[in-house]
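Report on one structure; see the data block that follows.
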Amino acid sequence: MKNRLIKVTTAVPGLKIGDVKYNTEQIITMIKENKDCGLMVFPELSITGYTCGDLFGSELMLDQAEKALMRLAEETCGTGMTVVTGVPLRYKNSLYNCGAVLSQGSIKALIPKTYLPNYGEFYECRWFASGKGLKGKSIKIGNEEIPFGSDILAEDTVSGAVLGVELCEDLWVPDKPSTHAAVAGANIIANLSASDELIGKQEYRRELVKQQSGSCYCAYIYASSGTHESSTDLVFSGHSIIAQNGSVLKESIFPEYPNTESALIDLCFIMHNRRRQNTFDNEDTADCRRVKVRMQAAGADETDIKELAAVLKKEEHPIARNPFVPGDENMRDERCRRILKIQANGLATRVRASGIKNLVIGISGGLDSTLALIVCAEAKKLAEDIRILAYTMPNEGNTTGRTYENAKKLMRILADEEYEIAIKEAVDLHLDQLGHEPGYMGEGDVTYENAQARMRTYLLMDAANMNNALVVGTGDLSELALGWCTYNGDHMSMYAVNASVPKTLVKFICRSYAQFCGDSELKKVLLDICDTPITPELTPNKDGVIVQKTEEKIGKYDLNDFFLYYTLRYGFEPARTAAYALSAYPELTEDEVRDAGRKFFGRFFSQQFKRSCLPDGPKVGSVTLSPRGDWRMPSDASAKLWLDEL
């Protein structure tokens, strides 16, 4: 598969104001030490220093800066890296603050700063001219005519990286050059900056970078001048930020110098987001020049699962084992509360719109029905005339005492009315009428198993009719993805509150609710439910102990959710997802990950027919399978292409 991982690096050298030779040596040393990266970004005017003031009028310094630029370009010869550094350059009767793109031993492009700050502590218009509107120009340096202007992108046709460059203030204005670069095709933006440090500025700067990387669906590499700049009136912090698609991957401020920060960016994330978000504009690129550079992938250009996983591990690229679940505990609790709020508001709105105040729900003592009941209870806080009618429907011999007792306790605490309907007699009669042998016939007896699920749904639907109620569904996103639900059984309801909540997150929401619900008895029940093995309890238990464990049949839910997330959210091919999984789950072998992927894709494709007729339910995250919303797939699509790749 194509390797779309690019190692990018911010580089903040120690420097001496106006000492071009010293600064050049510092930059060269940093280039030599980081030749494994694909892109290296230095701060604004790093060859001379940003705070030179009227020294920018010195012909000597400007001449030396041009020579330094040629020398720095030579350092990229024979490497796969592109370097972007800051330099003052003369063009006709003006001086320009430029970002120089260096690659393959030569100066590839010179991009002038568009917006020059001339307020507060800044006085750039005294020395520099704006590059706004400069297109199709060139500057002669040595014997070469170098493309010069605000209309240039640097492209590596091998890795697919396309680089746009802006400088400092360009990020702080409404009409950002990087926005135009992004819609013209740039998927990486380099910002060479010299931003002095003030109270509150670090946070604001970070948010600017995050926001721009998010709205432009790009990687944004920001490198700002360090403390070696003049401190006559200002202090610079060497703030470095690497962001991708609205998330900060790496950041440092006030480091020891010289300082580099590196991170892997994945162009697949960016490319998929742009294709998916069809409001992302495509600007006419007829007037945009592209220069060829080399921004090597991290590792081989073509790679396999094991090799790509090795790159991810080597660079210590963070990959969450549970991509649906925030790793930070506070953030996770906040996420859980917000999801509950979305679910509860969706249900409350459905109640108000329908005028039906009663909610019927089946409670098994498992995670999904527990979360659905919590949602009902939270919806009641928004629409106080809601009445919750909870039913538990045990089947003798299958339902264990643990789940039965938890279901009873849960209903007593959270429901307005609680009912118990034993289903064994009805299921046995039904199977007898079909000519099915009495009892469970062993592995593969789906008739016996599904008869119970459909009987429960049948009873809930009739109970809803009898009480003028809505049946609240309990099935979650992971079960729907895998088809681990009984068609027209637990698959069906009148409003499916958990339909876009993955299994790995269901447990965390229930556990989080246990901590903040304020009811010690409820907390105890919820925590025990969270610790109960996931099971539909559709086969006989053994001496009261759960025998049928879902994850033994369909694989671990964390791995299934992992494949689900990267397949739907970023359009990853199976091999790329497998490589990410190998990195996230180092205890697994490649064969184990491949096998998990085969199980996932086999079920995901074959079970689409169940998703094609889902009941309504609220979307809570970026991945959902509603046939009316985010996911439209034919029920008879073939999984062969995906399975073959694994």
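Residue numbering restarts at 1 for every chain of the structure tokens, chains are lettered A, B, ... in their displayed order, and ligands are numbered from 1 as they appear.
Neighbouring residues of A:Arg290 at 6 Å or closer, counting only C-alpha atoms and skipping chain neighbours under 2 positions away, are A:Ile152, A:Leu153, A:Ala154.
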* Name the residues in contact with stretch 394-406 of chain A at a cut-off of 9 Å, using only C-alpha atoms, excluding same-chain residues fewer than 2 positions from it; report them as number ranges by chain. => A: 364-366, 392, 408-411, 420-425, 427, 452, 525-526, 528-529, 532, 537-546
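For the set A:Ala298, A:Leu69, A:Ala186, A:Ala309, the residue with the smallest atom-to-atom gap to A:Ser583 is A:Ala309, counting only C-alpha atoms.
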* Check the smallest atom-to-atom distance from each of A:Lys306, A:Tyr204, A:Leu171, A:Cys288 to A:Thr589 using only C-alpha atoms, then report the winner. => A:Lys306
* Contact residues around A:His430 with only C-alpha atoms at 12 Å, ignoring same-chain residues under 2 positions, as a ChimeraX atom specification -> /A:423-428,432-439,447-448,450-452,454-455
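Comparing A:Arg632, A:His228, A:Arg337, A:Lys132 by their smallest distance to A:Asp175, the closest is A:Lys132 (using only C-alpha atoms).
Taking the backbone of this structure through DSSP, the residues of stretch 328-398 of chain A that come out as strand (DSSP E or B) are A:Asn358, A:Leu359, A:Val360, A:Ile361, A:Gly362, A:Arg387, A:Ile388, A:Leu389, A:Ala390, A:Tyr391, A:Thr392.
Interatomic distance, atom CA of A:Tyr458 to atom CA of A:Cys530: 27.4 Å.
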* Go through stretch 352-552 of chain A and collect every residue that DSSP, computed from the backbone, puts in alpha helix (DSSP H); the answer should be as a ChimeraX atom specification. => /A:352-354,367-382,401-414,424-434,446-467,477-482,503-516,520-530,550-552
Go ahead and dump the residues you just picked, C-alpha atoms, as an mmCIF file, in the first residue's frame.
data_model
loop_
_atom_site.group_PDB
_atom_site.id
_atom_site.type_symbol
_atom_site.label_atom_id
_atom_site.label_comp_id
_atom_site.auth_asym_id
_atom_site.auth_seq_id
_atom_site.Cartn_x
_atom_site.Cartn_y
_atom_site.Cartn_z
ATOM 1 C CA ARG A 352 -43.087 16.049 22.485
ATOM 2 C CA ALA A 353 -43.525 15.735 18.721
ATOM 3 C CA SER A 354 -45.530 12.509 18.916
ATOM 4 C CA LEU A 367 -24.963 -2.658 29.144
ATOM 5 C CA ASP A 368 -27.093 -1.537 26.210
ATOM 6 C CA SER A 369 -30.493 -1.694 27.868
ATOM 7 C CA THR A 370 -28.969 -0.073 30.951
ATOM 8 C CA LEU A 371 -27.771 2.909 28.922
ATOM 9 C CA ALA A 372 -31.127 3.165 27.152
ATOM 10 C CA LEU A 373 -32.937 3.230 30.520
ATOM 11 C CA ILE A 374 -30.560 5.938 31.772
ATOM 12 C CA VAL A 375 -31.403 7.952 28.635
ATOM 13 C CA CYS A 376 -35.110 7.548 29.393
ATOM 14 C CA ALA A 377 -34.540 8.773 32.944
ATOM 15 C CA GLU A 378 -32.557 11.784 31.681
ATOM 16 C CA ALA A 379 -35.246 12.543 29.074
ATOM 17 C CA LYS A 380 -37.798 12.601 31.875
ATOM 18 C CA LYS A 381 -35.896 15.509 33.426
ATOM 19 C CA LEU A 382 -36.520 17.419 30.193
ATOM 20 C CA GLY A 401 -29.286 -14.660 38.465
ATOM 21 C CA ARG A 402 -26.733 -11.869 38.135
ATOM 22 C CA THR A 403 -28.311 -10.201 35.109
ATOM 23 C CA TYR A 404 -31.845 -10.860 36.380
ATOM 24 C CA GLU A 405 -31.197 -9.240 39.774
ATOM 25 C CA ASN A 406 -29.444 -6.275 38.220
ATOM 26 C CA ALA A 407 -32.339 -5.767 35.811
ATOM 27 C CA LYS A 408 -34.836 -5.808 38.680
ATOM 28 C CA LYS A 409 -32.823 -3.338 40.771
ATOM 29 C CA LEU A 410 -32.315 -1.027 37.821
ATOM 30 C CA MET A 411 -36.021 -0.938 36.993
ATOM 31 C CA ARG A 412 -36.979 -0.287 40.605
ATOM 32 C CA ILE A 413 -34.636 2.697 40.814
ATOM 33 C CA LEU A 414 -35.156 4.330 37.409
ATOM 34 C CA LYS A 424 -40.086 -19.660 28.244
ATOM 35 C CA GLU A 425 -43.629 -20.948 27.787
ATOM 36 C CA ALA A 426 -44.344 -18.653 24.841
ATOM 37 C CA VAL A 427 -41.020 -19.451 23.146
ATOM 38 C CA ASP A 428 -41.489 -23.203 23.629
ATOM 39 C CA LEU A 429 -45.005 -23.029 22.170
ATOM 40 C CA HIS A 430 -43.767 -21.009 19.232
ATOM 41 C CA LEU A 431 -40.927 -23.450 18.499
ATOM 42 C CA ASP A 432 -43.256 -26.424 18.873
ATOM 43 C CA GLN A 433 -45.669 -24.921 16.355
ATOM 44 C CA LEU A 434 -42.731 -24.570 13.938
ATOM 45 C CA VAL A 446 -30.177 -19.602 15.554
ATOM 46 C CA THR A 447 -33.876 -20.452 15.440
ATOM 47 C CA TYR A 448 -33.855 -21.139 19.167
ATOM 48 C CA GLU A 449 -31.755 -18.066 19.916
ATOM 49 C CA ASN A 450 -33.646 -15.615 17.722
ATOM 50 C CA ALA A 451 -37.070 -16.849 18.805
ATOM 51 C CA GLN A 452 -36.317 -15.368 22.232
ATOM 52 C CA ALA A 453 -35.192 -12.003 20.881
ATOM 53 C CA ARG A 454 -38.240 -11.736 18.620
ATOM 54 C CA MET A 455 -40.590 -12.833 21.396
ATOM 55 C CA ARG A 456 -39.292 -10.046 23.618
ATOM 56 C CA THR A 457 -39.734 -7.452 20.856
ATOM 57 C CA TYR A 458 -43.209 -8.833 20.082
ATOM 58 C CA LEU A 459 -44.228 -8.392 23.720
ATOM 59 C CA LEU A 460 -42.728 -4.884 23.953
ATOM 60 C CA MET A 461 -44.546 -3.744 20.820
ATOM 61 C CA ASP A 462 -47.874 -5.043 22.111
ATOM 62 C CA ALA A 463 -47.219 -3.513 25.531
ATOM 63 C CA ALA A 464 -46.621 -0.200 23.785
ATOM 64 C CA ASN A 465 -49.941 -0.507 21.949
ATOM 65 C CA MET A 466 -51.716 -1.345 25.194
ATOM 66 C CA ASN A 467 -50.201 1.648 27.020
ATOM 67 C CA LEU A 477 -23.602 1.020 16.891
ATOM 68 C CA SER A 478 -21.132 -1.870 17.177
ATOM 69 C CA GLU A 479 -23.893 -4.489 17.146
ATOM 70 C CA LEU A 480 -25.399 -2.844 14.072
ATOM 71 C CA ALA A 481 -22.031 -2.761 12.296
ATOM 72 C CA LEU A 482 -21.544 -6.476 12.918
ATOM 73 C CA LYS A 503 -19.970 -0.665 22.462
ATOM 74 C CA THR A 504 -16.599 0.514 23.807
ATOM 75 C CA LEU A 505 -18.194 3.833 24.696
ATOM 76 C CA VAL A 506 -21.435 2.373 26.144
ATOM 77 C CA LYS A 507 -19.524 0.910 29.069
ATOM 78 C CA PHE A 508 -17.747 4.192 29.790
ATOM 79 C CA ILE A 509 -21.009 6.164 29.721
ATOM 80 C CA CYS A 510 -22.614 3.775 32.202
ATOM 81 C CA ARG A 511 -19.527 3.829 34.411
ATOM 82 C CA SER A 512 -19.335 7.622 34.239
ATOM 83 C CA TYR A 513 -23.034 7.938 35.117
ATOM 84 C CA ALA A 514 -22.452 5.704 38.129
ATOM 85 C CA GLN A 515 -19.946 8.239 39.445
ATOM 86 C CA PHE A 516 -22.087 11.367 39.106
ATOM 87 C CA SER A 520 -25.169 4.919 45.956
ATOM 88 C CA GLU A 521 -27.479 1.980 45.237
ATOM 89 C CA LEU A 522 -27.706 2.847 41.541
ATOM 90 C CA LYS A 523 -23.937 3.286 41.414
ATOM 91 C CA LYS A 524 -23.383 -0.203 42.789
ATOM 92 C CA VAL A 525 -25.744 -1.774 40.248
ATOM 93 C CA LEU A 526 -24.232 0.134 37.326
ATOM 94 C CA LEU A 527 -20.683 -0.834 38.219
ATOM 95 C CA ASP A 528 -21.648 -4.499 38.496
ATOM 96 C CA ILE A 529 -23.341 -4.334 35.071
ATOM 97 C CA CYS A 530 -20.158 -2.810 33.639
ATOM 98 C CA THR A 550 -20.424 -12.370 22.629
ATOM 99 C CA GLU A 551 -16.747 -11.557 22.145
ATOM 100 C CA GLU A 552 -15.879 -15.253 21.856
#
* Of the candidates A:Asn118, A:Thr349, A:Ser262, A:Gln343, which shows the shortest atom-to-atom distance to A:Val248, using only C-alpha atoms? -> A:Ser262
* Nearest to A:Gly133: which of A:Asp287, A:Glu169, A:Asp644, A:Asp266 is it, counting only C-alpha atoms? ->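 For A:Gly133, the nearest of the given residues is A:Asp287.
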Closest-contact table, stretch 88-186 of chain A side, partner stretch 192-196 of chain A, 12 Å, counting only C-alpha atoms, as a Markdown table:
| residue | atom | partner | partner_atom | distance |
| --- | --- | --- | --- | --- |
| A:Asn97 | CA | A:Leu192 | CA | 10.3 |
| A:Cys98 | CA | A:Leu192 | CA | 9.0 |
| A:Gly99 | CA | A:Leu192 | CA | 7.0 |
| A:Ala100 | CA | A:Leu192 | CA | 9.9 |
| A:Val101 | CA | A:Leu192 | CA | 11.4 |
| A:Ile111 | CA | A:Leu192 | CA | 10.9 |
| A:Pro112 | CA | A:Leu192 | CA | 11.0 |
| A:Lys113 | CA | A:Leu192 | CA | 9.6 |
| A:Leu116 | CA | A:Ser193 | CA | 11.9 |
| A:Pro117 | CA | A:Ser195 | CA | 11.0 |
| A:Gly120 | CA | A:Asp196 | CA | 11.5 |
| A:Glu121 | CA | A:Asp196 | CA | 9.0 |
| A:Phe122 | CA | A:Asp196 | CA | 9.8 |
| A:Glu124 | CA | A:Ala194 | CA | 11.6 |
| A:Gly164 | CA | A:Leu192 | CA | 11.3 |
| A:Val165 | CA | A:Leu192 | CA | 7.9 |
| A:Glu166 | CA | A:Leu192 | CA | 6.8 |
| A:Leu167 | CA | A:Leu192 | CA | 4.8 |
| A:Cys168 | CA | A:Ser193 | CA | 4.2 |
| A:Glu169 | CA | A:Ser193 | CA | 7.8 |
| A:Asp170 | CA | A:Ser193 | CA | 9.4 |
| A:Leu171 | CA | A:Ser193 | CA | 9.4 |
| A:Trp172 | CA | A:Ser195 | CA | 10.8 |
* Distance query A:Ala575 at most 8 Å, only C-alpha atoms, self and fewer than 6 positions along chain excluded, as a list of chain:residue names -> A:Met1, A:Asp304, A:Ile305, A:Glu645, A:Leu646
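For the atom pair formed by atom CA of A:Asn191 and atom CA of A:Glu44, the distance is 8.2 Å, given to one decimal.
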* Hey, what's within 8 Å of A:Pro618 if we count only C-alpha atoms and toss same-chain stuff fewer than 5 positions away? As a ChimeraX atom specification, please? -> /A:342-343,346,496-500
Write out, as a compact mmCIF listing (two decimals), in the first residue's frame, the residues just selected, with N, CA and C atoms.
# COMPACT_ATOMS: atom_id res chain seq x y z
N ILE A 342 -27.29 14.57 24.40
CA ILE A 342 -27.79 14.47 23.03
C ILE A 342 -28.87 13.40 22.95
N GLN A 343 -28.59 12.23 23.52
CA GLN A 343 -29.56 11.13 23.48
C GLN A 343 -30.86 11.53 24.16
N GLY A 346 -32.83 14.07 22.19
CA GLY A 346 -33.47 13.46 21.03
C GLY A 346 -34.74 12.73 21.41
N ALA A 496 -34.42 4.48 18.49
CA ALA A 496 -33.24 3.73 18.91
C ALA A 496 -32.20 4.70 19.48
N VAL A 497 -32.20 4.89 20.78
CA VAL A 497 -31.38 5.94 21.39
C VAL A 497 -29.89 5.63 21.37
N ASN A 498 -29.52 4.34 21.26
CA ASN A 498 -28.10 3.97 21.29
C ASN A 498 -27.51 3.71 19.91
N ALA A 499 -28.27 3.98 18.86
CA ALA A 499 -27.91 3.52 17.52
C ALA A 499 -26.56 4.04 17.03
N SER A 500 -26.07 5.14 17.56
CA SER A 500 -24.77 5.64 17.09
C SER A 500 -23.74 5.69 18.22
* d(atom CA of A:Gly14, atom CA of A:Tyr123) in Å ->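 Atom CA of A:Tyr123 lies at a distance of 23.4 Å from atom CA of A:Gly14.
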